[in-house]
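**Q** Pasting structure05.txt below, which is compact mmCIF, C-alpha atoms and all ligand atoms.
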```txt
# COMPACT_ATOMS: atom_id res chain seq x y z
CA MET A 355 50.01 62.83 151.44
CA THR A 356 50.82 62.95 147.73
CA GLU A 357 54.27 62.20 146.37
CA ASN A 358 55.08 65.86 146.04
CA GLU A 359 53.82 66.68 149.48
CA ALA A 360 56.12 63.95 150.69
CA THR A 361 59.03 65.66 148.85
CA VAL A 362 58.33 68.99 150.52
CA ALA A 363 58.55 67.32 153.86
CA ALA A 364 61.55 65.14 153.04
CA VAL A 365 63.91 67.94 152.16
CA ASP A 366 65.80 70.11 154.58
CA TRP A 367 64.99 73.38 152.80
CA GLU A 368 67.22 75.45 154.97
CA ALA A 369 70.18 73.29 153.99
CA TYR A 370 69.00 73.36 150.34
CA GLU A 371 68.97 77.14 150.31
CA ARG A 372 72.37 77.37 152.00
CA GLU A 373 73.89 74.92 149.53
CA ALA A 374 72.30 76.66 146.54
CA SER A 375 73.40 80.10 147.71
CA ALA A 376 76.93 78.81 148.22
CA ALA A 377 76.98 77.28 144.71
CA VAL A 378 75.74 80.53 143.17
CA ALA A 379 78.26 82.58 145.10
CA ALA A 380 81.07 80.20 144.15
CA ALA A 381 80.25 80.22 140.42
CA SER A 382 83.33 81.73 138.78
CA GLY A 383 81.86 82.12 135.28
CA PRO A 384 78.59 82.12 133.33
CA THR A 385 78.68 78.34 132.71
CA GLU A 386 79.12 77.45 136.34
CA LEU A 387 76.41 79.91 137.33
CA GLU A 388 74.02 78.43 134.78
CA ASP A 389 74.78 74.93 136.10
CA ALA A 390 73.94 76.05 139.64
CA ARG A 391 70.76 77.75 138.45
CA VAL A 392 69.59 74.69 136.54
CA GLY A 393 70.54 72.38 139.46
CA TYR A 394 68.72 74.32 142.18
CA LEU A 395 66.04 76.29 140.31
CA GLY A 396 65.59 74.45 137.00
CA ARG A 397 62.50 72.46 136.00
CA LYS A 398 63.95 69.21 137.30
CA SER A 399 65.35 70.64 140.52
CA GLU A 400 63.97 69.42 143.84
CA LEU A 401 62.65 72.91 144.47
CA ALA A 402 60.68 73.07 141.19
CA GLN A 403 59.28 69.59 141.73
CA ALA A 404 58.25 70.38 145.27
CA LEU A 405 56.65 73.66 144.18
CA ARG A 406 54.51 71.75 141.67
CA GLY A 407 53.05 69.63 144.50
CA VAL A 408 52.45 72.39 147.05
CA ARG A 409 48.92 72.37 148.48
CA ASP A 410 49.18 74.41 151.63
CA ARG A 411 49.92 78.09 152.04
CA GLU A 412 52.76 77.61 154.46
CA SER A 413 54.94 75.41 152.30
CA GLY A 414 54.03 77.61 149.30
CA MET A 415 55.37 80.68 151.08
CA LEU A 416 58.44 78.79 152.26
CA LEU A 417 59.37 77.40 148.84
CA ASN A 418 58.50 80.56 146.88
CA GLY A 419 60.57 82.54 149.34
CA ILE A 420 63.53 80.28 148.70
CA ARG A 421 63.00 80.53 144.94
CA GLU A 422 62.81 84.30 144.93
CA ARG A 423 65.92 84.71 147.06
CA LEU A 424 67.86 82.21 144.96
CA GLU A 425 66.74 83.91 141.72
CA ALA A 426 67.82 87.24 143.11
CA ALA A 427 71.16 85.73 144.12
CA VAL A 428 71.65 84.36 140.59
CA THR A 429 70.88 87.74 139.04
CA GLN A 430 73.19 89.43 141.48
CA ARG A 431 76.00 86.97 140.78
CA GLU A 432 75.46 87.42 137.03
CA ARG A 433 75.97 91.18 137.34
CA THR A 434 79.06 90.72 139.47
CA LEU A 435 80.56 88.30 136.97
CA GLU A 436 79.79 90.64 134.07
CA GLY A 437 81.43 93.49 135.93
CA GLU A 438 84.53 91.42 136.61
CA GLU A 439 84.69 90.33 132.98
CA LEU A 440 84.47 93.93 131.79
CA ASP A 441 87.22 94.97 134.21
CA ARG A 442 89.39 92.14 133.00
CA ARG A 443 88.93 93.09 129.36
CA LEU A 444 89.59 96.74 130.04
CA ARG A 445 92.78 95.72 131.76
CA GLU A 446 93.95 93.13 129.24
CA GLU A 447 92.76 94.50 125.92
CA ILE A 448 94.17 97.91 126.52
CA VAL A 449 95.61 99.50 123.36
CA ASP A 450 98.68 101.64 123.79
CA VAL A 451 98.50 103.95 120.80
CA THR A 452 101.96 105.27 121.58
CA LEU A 453 103.64 101.88 120.96
CA PRO A 454 105.66 101.71 117.71
CA GLY A 455 103.71 99.94 114.92
CA GLU A 456 104.68 96.70 113.25
CA ARG A 457 107.31 97.29 110.59
CA LEU A 458 106.16 96.41 107.07
CA PRO A 459 108.91 95.16 104.78
CA LEU A 460 109.75 98.07 102.48
CA GLY A 461 110.97 97.58 98.94
CA HIS A 462 113.01 100.03 96.93
CA LEU A 463 113.50 101.01 93.33
CA HIS A 464 115.43 98.74 90.97
CA PRO A 465 118.95 100.09 90.26
CA ILE A 466 118.02 100.80 86.63
CA THR A 467 115.01 102.82 87.77
CA GLN A 468 117.19 104.68 90.28
CA VAL A 469 119.59 105.64 87.51
CA ARG A 470 116.70 106.58 85.24
CA ARG A 471 115.38 108.97 87.92
CA ILE A 472 118.82 110.57 88.35
CA VAL A 473 119.06 111.16 84.60
CA GLU A 474 115.51 112.54 84.46
CA ASP A 475 116.17 114.90 87.37
CA ALA A 476 119.43 116.13 85.87
CA PHE A 477 117.77 116.98 82.55
CA LEU A 478 114.61 118.42 84.08
CA GLY A 479 116.96 120.74 85.96
CA LEU A 480 118.34 121.90 82.60
CA GLY A 481 114.82 122.57 81.28
CA TYR A 482 114.61 119.48 79.06
CA GLU A 483 111.33 117.74 78.22
CA ILE A 484 111.26 114.01 79.14
CA ARG A 485 109.76 111.78 76.43
CA ASP A 486 108.60 108.18 76.47
CA ASP A 487 108.23 106.83 72.95
CA ARG A 488 107.04 103.60 71.34
CA GLU A 489 109.16 100.45 71.41
CA VAL A 490 107.75 99.08 68.16
CA GLU A 491 109.02 101.27 65.35
CA THR A 492 108.73 101.46 61.62
CA LEU A 493 111.86 101.11 59.51
CA GLU A 494 111.24 104.71 58.50
CA TYR A 495 111.74 106.04 62.03
CA ASN A 496 114.24 103.48 63.27
CA PHE A 497 116.53 103.80 60.22
CA ASP A 498 115.45 105.85 57.16
CA LYS A 499 114.86 109.25 58.71
CA LEU A 500 117.98 108.82 60.86
CA ALA A 501 119.93 108.58 57.58
CA PHE A 502 121.03 104.96 57.99
CA ALA A 503 122.52 103.77 54.67
CA PRO A 504 120.39 101.14 52.87
CA THR A 505 123.18 98.63 53.47
CA HIS A 506 123.75 99.38 57.16
CA PRO A 507 124.15 96.07 59.05
CA ALA A 508 121.65 97.05 61.76
CA ARG A 509 118.92 96.74 59.10
CA SER A 510 119.54 93.01 58.96
CA PRO A 511 117.17 90.59 60.74
CA ARG A 512 120.32 89.07 62.17
CA ASP A 513 120.90 92.18 64.28
CA THR A 514 117.36 93.43 64.75
CA PHE A 515 114.03 91.89 65.82
CA PHE A 516 111.53 92.26 62.94
CA PHE A 517 107.75 91.93 63.23
CA ASP A 518 107.23 92.15 59.49
CA GLU A 519 108.90 93.94 56.59
CA SER A 520 108.37 97.39 58.00
CA HIS A 521 108.17 97.03 61.79
CA VAL A 522 110.97 96.33 64.26
CA LEU A 523 111.59 96.49 67.99
CA ARG A 524 113.52 99.75 68.16
CA THR A 525 117.25 99.16 68.28
CA GLU A 526 118.01 102.49 69.95
CA THR A 527 116.15 105.47 71.38
CA SER A 528 117.31 107.68 68.49
CA PRO A 529 113.91 107.47 66.66
CA SER A 530 112.67 109.77 69.44
CA GLN A 531 114.77 112.51 67.84
CA ILE A 532 112.63 112.22 64.71
CA HIS A 533 109.36 112.18 66.68
CA ALA A 534 110.41 115.25 68.67
CA LEU A 535 111.51 117.12 65.54
CA GLU A 536 108.25 116.32 63.76
CA GLU A 537 106.08 117.25 66.72
CA HIS A 538 107.72 120.57 67.68
CA GLU A 539 109.29 123.52 65.98
CA PRO A 540 112.79 124.19 67.38
CA PRO A 541 114.07 125.14 69.86
CA ILE A 542 113.91 121.58 71.21
CA TYR A 543 115.47 120.24 74.38
CA MET A 544 114.36 116.69 75.03
CA VAL A 545 115.48 113.44 76.62
CA SER A 546 113.83 110.14 75.75
CA ILE A 547 114.35 107.15 78.06
CA GLY A 548 113.28 103.57 77.52
CA ARG A 549 113.90 100.03 76.38
CA VAL A 550 115.69 99.04 73.21
CA TYR A 551 116.24 95.62 71.65
CA ARG A 552 119.04 93.90 69.76
CA ARG A 553 119.60 90.31 68.70
CA ASP A 554 122.67 89.86 70.84
CA ALA A 555 123.65 86.69 72.67
CA ILE A 556 123.45 87.10 76.44
CA THR A 557 126.87 87.68 78.02
CA ALA A 558 128.28 89.51 81.03
CA THR A 559 128.15 92.81 79.10
CA ARG A 560 125.27 92.32 76.63
CA TYR A 561 121.60 91.59 77.01
CA PRO A 562 119.05 91.62 74.14
CA ILE A 563 116.88 94.11 76.06
CA PHE A 564 118.42 97.17 77.60
CA HIS A 565 117.71 100.84 78.28
CA GLN A 566 119.03 104.02 76.75
CA PHE A 567 118.64 107.69 77.39
CA GLU A 568 118.68 109.79 74.27
CA GLY A 569 119.09 113.53 74.22
CA LEU A 570 118.46 116.11 71.54
CA ALA A 571 119.04 119.85 71.71
CA VAL A 572 118.17 121.98 68.68
CA ASP A 573 118.52 125.73 68.75
CA GLU A 574 120.36 128.57 67.06
CA GLY A 575 124.16 128.47 67.42
CA ILE A 576 124.51 125.13 69.24
CA THR A 577 128.07 123.75 69.29
CA LEU A 578 130.00 120.72 70.53
CA ALA A 579 130.97 122.74 73.60
CA ASP A 580 127.28 122.77 74.63
CA LEU A 581 127.21 118.99 74.23
CA LYS A 582 130.29 118.62 76.40
CA GLY A 583 128.89 120.81 79.17
CA THR A 584 125.54 119.01 79.10
CA LEU A 585 127.09 115.55 79.32
CA LEU A 586 129.42 116.70 82.07
CA HIS A 587 126.39 117.86 84.08
CA VAL A 588 124.67 114.47 83.77
CA MET A 589 127.80 112.44 84.41
CA ARG A 590 128.45 114.40 87.58
CA ALA A 591 124.89 113.71 88.70
CA LEU A 592 125.47 110.01 88.06
CA TYR A 593 129.03 109.51 89.21
CA GLY A 594 130.01 112.42 91.44
CA PRO A 595 131.34 115.99 91.24
CA GLU A 596 134.91 115.29 90.09
CA ARG A 597 134.18 113.78 86.64
CA ARG A 598 135.89 114.96 83.44
CA ILE A 599 134.71 114.36 79.89
CA ARG A 600 136.67 113.67 76.71
CA PHE A 601 135.55 113.06 73.14
CA ARG A 602 136.89 110.50 70.65
CA THR A 603 135.90 110.66 67.01
CA HIS A 604 133.49 108.03 65.73
CA PHE A 605 130.77 107.51 63.13
CA PHE A 606 126.99 107.51 63.43
CA PRO A 607 124.65 107.94 60.44
CA PHE A 608 122.68 110.79 62.03
CA THR A 609 125.48 112.98 63.43
CA GLU A 610 128.37 114.87 61.80
CA PRO A 611 130.83 115.08 63.41
CA SER A 612 130.16 112.00 65.51
CA ILE A 613 131.98 111.32 68.72
CA GLU A 614 132.14 108.85 71.56
CA PRO A 615 132.24 110.65 74.90
CA ASP A 616 134.28 109.15 77.73
CA VAL A 617 133.92 110.01 81.40
CA SER A 618 136.92 109.84 83.72
CA CYS A 619 136.87 106.69 85.83
CA GLY A 620 135.35 107.38 89.23
CA ILE A 621 136.97 104.38 90.87
CA CYS A 622 140.61 105.31 90.20
CA ASP A 623 139.97 108.99 89.31
CA GLY A 624 141.72 108.50 85.99
CA ALA A 625 144.81 106.69 87.27
CA GLY A 626 143.80 103.39 85.65
CA CYS A 627 142.12 100.35 87.22
CA ARG A 628 140.25 97.16 86.36
CA THR A 629 136.90 98.93 85.86
CA CYS A 630 138.30 101.32 83.22
CA LYS A 631 140.57 98.65 81.75
CA HIS A 632 143.58 100.70 82.89
CA THR A 633 142.81 103.63 80.60
CA GLY A 634 141.43 106.02 83.22
CA TRP A 635 138.35 106.56 81.00
CA ILE A 636 134.98 104.88 80.60
CA GLU A 637 132.99 104.99 77.37
CA MET A 638 129.51 106.43 77.83
CA GLY A 639 127.75 105.97 74.49
CA GLY A 640 127.50 107.93 71.26
CA ALA A 641 126.94 111.58 70.47
CA GLY A 642 127.51 114.27 67.88
CA VAL A 643 126.24 117.28 66.01
CA VAL A 644 122.93 116.57 64.29
CA ASP A 645 123.56 115.79 60.61
CA PRO A 646 121.90 118.35 58.28
CA GLN A 647 120.41 115.38 56.40
CA VAL A 648 118.32 114.52 59.48
CA PHE A 649 116.98 118.08 59.60
CA GLU A 650 116.10 117.89 55.92
CA ASN A 651 114.33 114.54 56.46
CA VAL A 652 111.93 116.20 58.91
CA GLY A 653 111.64 119.59 57.19
CA VAL A 654 113.77 121.67 59.59
CA ASP A 655 116.01 124.34 58.04
CA PRO A 656 119.67 123.30 58.64
CA GLU A 657 120.86 126.79 57.71
CA ARG A 658 119.07 128.28 60.68
CA TRP A 659 119.08 125.50 63.29
CA SER A 660 121.85 123.37 64.67
CA GLY A 661 121.90 120.80 67.45
CA PHE A 662 123.56 117.97 69.26
CA ALA A 663 122.38 114.50 70.17
CA PHE A 664 123.60 111.73 72.43
CA GLY A 665 122.63 108.23 73.48
CA CYS A 666 123.86 106.30 76.53
CA GLY A 667 122.99 102.99 78.18
CA LEU A 668 121.28 102.95 81.57
CA GLU A 669 122.55 99.48 82.50
CA ARG A 670 126.10 100.68 81.97
CA ALA A 671 125.39 103.63 84.27
CA ALA A 672 123.87 101.38 86.97
CA GLN A 673 126.81 98.97 86.69
CA LEU A 674 129.35 101.75 87.04
CA ARG A 675 127.57 103.44 89.90
CA HIS A 676 127.38 100.26 91.92
CA ASP A 677 130.33 98.24 90.60
CA ILE A 678 128.03 95.49 89.28
CA PRO A 679 130.26 93.15 87.29
CA ASP A 680 127.64 91.32 85.19
CA ILE A 681 124.69 92.88 83.33
CA ARG A 682 122.64 89.71 83.85
CA LEU A 683 122.42 90.51 87.57
CA LEU A 684 120.30 93.54 86.66
CA TRP A 685 117.79 91.41 84.77
CA GLU A 686 117.44 88.31 86.90
CA GLY A 687 115.46 89.98 89.67
CA ASP A 688 117.34 88.10 92.41
CA LEU A 689 116.46 89.96 95.61
CA ARG A 690 119.72 88.94 97.27
CA VAL A 691 121.45 91.05 94.63
CA LEU A 692 118.93 93.88 94.33
CA ARG A 693 118.66 94.45 98.10
CA GLN A 694 122.27 95.63 98.07
CA PHE A 695 121.52 98.70 95.98
N1 LIG B 701 122.04 105.35 68.92
C1 LIG B 701 123.44 105.11 69.16
C2 LIG B 701 123.62 103.67 69.66
O1 LIG B 701 122.69 103.07 70.12
C3 LIG B 701 123.96 106.05 70.20
C4 LIG B 701 123.96 107.47 69.70
C5 LIG B 701 125.02 107.95 68.95
C6 LIG B 701 122.89 108.30 69.97
C7 LIG B 701 125.04 109.24 68.50
C8 LIG B 701 122.90 109.61 69.51
C9 LIG B 701 124.01 110.06 68.80
O2 LIG B 701 121.91 110.46 69.77
O3 LIG B 701 124.01 111.35 68.37
O4 LIG B 701 124.70 103.18 69.56
```
Since I need it in another form, could you write the structure as C-alpha cells?
Ligand code: DAH
**A**
Amino acid sequence: MTENEATVAAVDWEAYEREASAAVAAASGPTELEDARVGYLGRKSELAQALRGVRDRESGMLLNGIRERLEAAVTQRERTLEGEELDRRLREEIVDVTLPGERLPLGHLHPITQVRRIVEDAFLGLGYEIRDDREVETLEYNFDKLAFAPTHPARSPRDTFFFDESHVLRTETSPSQIHALEEHEPPIYMVSIGRVYRRDAITATRYPIFHQFEGLAVDEGITLADLKGTLLHVMRALYGPERRIRFRTHFFPFTEPSIEPDVSCGICDGAGCRTCKHTGWIEMGGAGVVDPQVFENVGVDPERWSGFAFGCGLERAAQLRHDIPDIRLLWEGDLRVLRQF
C-alpha cells in the first residue's frame, strides 16, 4: 500500500462529503465559499491528495463522485449567493427619482447690479439705447468737448486719476454723451451706465470708484418738462409709485440751464426724516438742457436740435432703496451684508 492508498483508506469519505457539503451550504459570501472550496477541493485538500494516489477503479469512482458533487454544490452555492447579492443591491440601491434634489446654495445679484438692471429696464421701456463706454478717457472727451473751462478744478491731478498728460480714468459718465453724439445723427435717446473714478478719500458717503447712469435725449423740441417726466419714470421704478420730482438750479459746464433734481423722500414721504436730513427731498444727481456749445463741439446744429441730459449715482440709489447707511458696505463684499439684499 502506498502512502496515498493509505490516505484513501484512512479517511471516512462519507463524513468528508457531509462536512464539505455543509461548509459550502453555510458559506454566506464569496470569501467563505472560496475558503470551503480550497479546503475540501483545493490542491492540498485531502480529497485532491487521495485522488492523486488512486490506483483502483472503485476508489477512483468513489472519490471522483465526491469531487463532482462537491464542485456542483460550490457552483450552485455561487449562483445562489450572486442572486442574493443582486436582490440586496436592487433593494438597497434603489433610486427614488421623485425625491427632492439636494439644494445648491444660490447666490444673487449685488445690490448695485440690481439697481443697474432696474435703471436699464426703465429706460429700455422708454425706447432708450443702453451704452457701455470706456473707463479710460482722453482729456478731450472727459473735459474739452463737454465744455469744461480750462481752469475747472476737476482737471487737476488732485481730483482726477491721470495716466499721462492726455489720459484719465473718467470722472463721470458724461463723455458718453459725446460718443453718442459723434456716432449717431439725432434723434438720440441713450443711457450709459458704468464705473467712474475720483481721487476722493474713502468715507461713509464717498468712494474713489463708483457708478453712474448718464442719460441723453436729443430731438426736435425737447424741453425741461420732458426731462422731469423721464426722471420721474425712473425714480418711480427705483423707489416706488408715489415719488415726486423737483428741480433746483445749479451749474454744469455742459448744460444750460443746469439743475439738480430731487426726489421726494420715500421713507417719510416728504414729511422729513433722518434719511432726507429733514428736508423731505433727496438729491439725485445733476441734469439740464444740453448746452449749444456741446452740440457745436460735435457738429450738431443747435438751431434744429435740442436735448436734455442727466447723471445719477447708482450707489446712492442702492443705498436709498435698501437704507444702507455706509457706501463702504457696498464695496467690501461682506456676504453677511450682501445676503440681506
Ligand atoms: N456729470 C455730473 C457729475 O458727475 C452729473 C451730470 C450733471 C450729468 C448734469 C449730466 C448733466 O448729464 O446734464 O456730477
**Q** Name the residues, by chain letter and number, that sit within 7 Å of ligand LIG 701 (chain B) using only C-alpha atoms and all ligand atoms, and give them as a PyMOL selection string.
**A** chain A and resi 525-528+568-570+606+608-609+612+639-644+662-666
**Q** Considering only C-alpha atoms, return as a PyMOL selection string whatever protein or nucleic-acid residues lie within 9 Å of Ala503 in chain A, sequence-local ones (same chain, fewer than 5 positions apart) excluded.
**A** chain A and resi 497-498+607
**Q** How many Å separate CA of Ala591 in chain A from CA of Arg670 in chain A?
**A**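 Separation of CA of Ala591 in chain A and CA of Arg670 in chain A: 14.7 Å.
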**Q** Any idea what the distance is between CA of Pro679 in chain A and CA of His462 in chain A?
**A** 20.9 Å
**Q** Just the residues within 12 Å of Ile556 in chain A, please, counting all atoms listed in the file, with nothing from its chain fewer than 5 positions along; format it as a list in words.
**A**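 After dropping sequence-adjacent residues, the list is Tyr561, Pro562, Ile563, Phe564, Asp680, Ile681, Arg682, Leu683 and Trp685 of chain A.
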**Q** Quote the spacing between CA of Asp573 in chain A and CA of Trp659 in chain A in Å to one decimal place.
**A**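 It comes out at 5.5 Å.
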**Q** Rank nothing, just name the residue among A:Pro465, A:Pro646, A:Pro656, A:Pro541 nearest to Ala571 in chain A, using all atoms listed in the file.
**A**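 For Ala571 in chain A, the nearest of the candidates is A:Pro541.
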**Q** Tell me, as an NGL selection string, which residues lie within 6 Å of Tyr495 in chain A, counting all atoms listed in the file; anything in the same chain fewer than 3 positions away does not count.
**A** :A and (492 or 499 or 529)
**Q** Within 8 Å of (122.8, 95.2, 93.5), in the coordinates the file gives, what residues turn up when you count only C-alpha atoms, written out as a CSV table (one decimal) with C-alpha atoms, keeping the file's coordinate frame?
**A**
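Final output, result.csv:
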```
chain,number,residue,atom,x,y,z
A,465,PRO,CA,119.0,100.1,90.3
A,676,HIS,CA,127.4,100.3,91.9
A,678,ILE,CA,128.0,95.5,89.3
A,683,LEU,CA,122.4,90.5,87.6
A,684,LEU,CA,120.3,93.5,86.7
A,690,ARG,CA,119.7,88.9,97.3
A,691,VAL,CA,121.4,91.0,94.6
A,692,LEU,CA,118.9,93.9,94.3
A,693,ARG,CA,118.7,94.4,98.1
A,694,GLN,CA,122.3,95.6,98.1
A,695,PHE,CA,121.5,98.7,96.0
```
**Q** Using only C-alpha atoms for the distances, tell me which of A:Asn496, A:Thr559, A:Thr385, A:Thr629 is nearest to Phe516 in chain A.
**A** A:Asn496
**Q** Just need the box for range 630-634 of chain A, edges along x, y and z, holding every atom the file lists for it with 6 Å tacked onto each side, so centre and edge lengths in Å to one decimal, as lines of an AutoDock Vina configuration file.
**A**
```
center_x = 140.9
center_y = 102.3
center_z = 81.9
size_x = 17.3
size_y = 19.4
size_z = 14.6
```
**Q** Taking only C-alpha atoms into account, name the residue in A:Ile466, A:Ala369, A:Val490, A:Ala377 that is nearest to Leu523 in chain A.
**A**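 Distance minimum relative to Leu523 in chain A lands on A:Val490.
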**Q** Go through A:Ala579, A:Asp487, A:Ser546, A:Ala671 one by one, measure the shortest atom-to-atom distance of each to Glu474 in chain A using all atoms listed in the file, and give the residue with the smallest value.
**A**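 Smallest separation from Glu474 in chain A among the options: A:Ser546.
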**Q** When distances are computed from all atoms listed in the file, which of A:Thr429, A:Ser530, A:Thr603, A:Thr633 shows the smallest separation from Glu388 in chain A?
**A**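 Ranked by minimum distance to Glu388 in chain A, first place goes to A:Thr429.
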**Q** So, with only C-alpha atoms as the atoms that count, which of A:Glu610, A:Asp441, A:Glu371, A:Glu400 lies closest to Glu425 in chain A?
**A**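 Going through A:Glu610, A:Asp441, A:Glu371, A:Glu400 one by one, the smallest distance to Glu425 in chain A is for A:Glu371.
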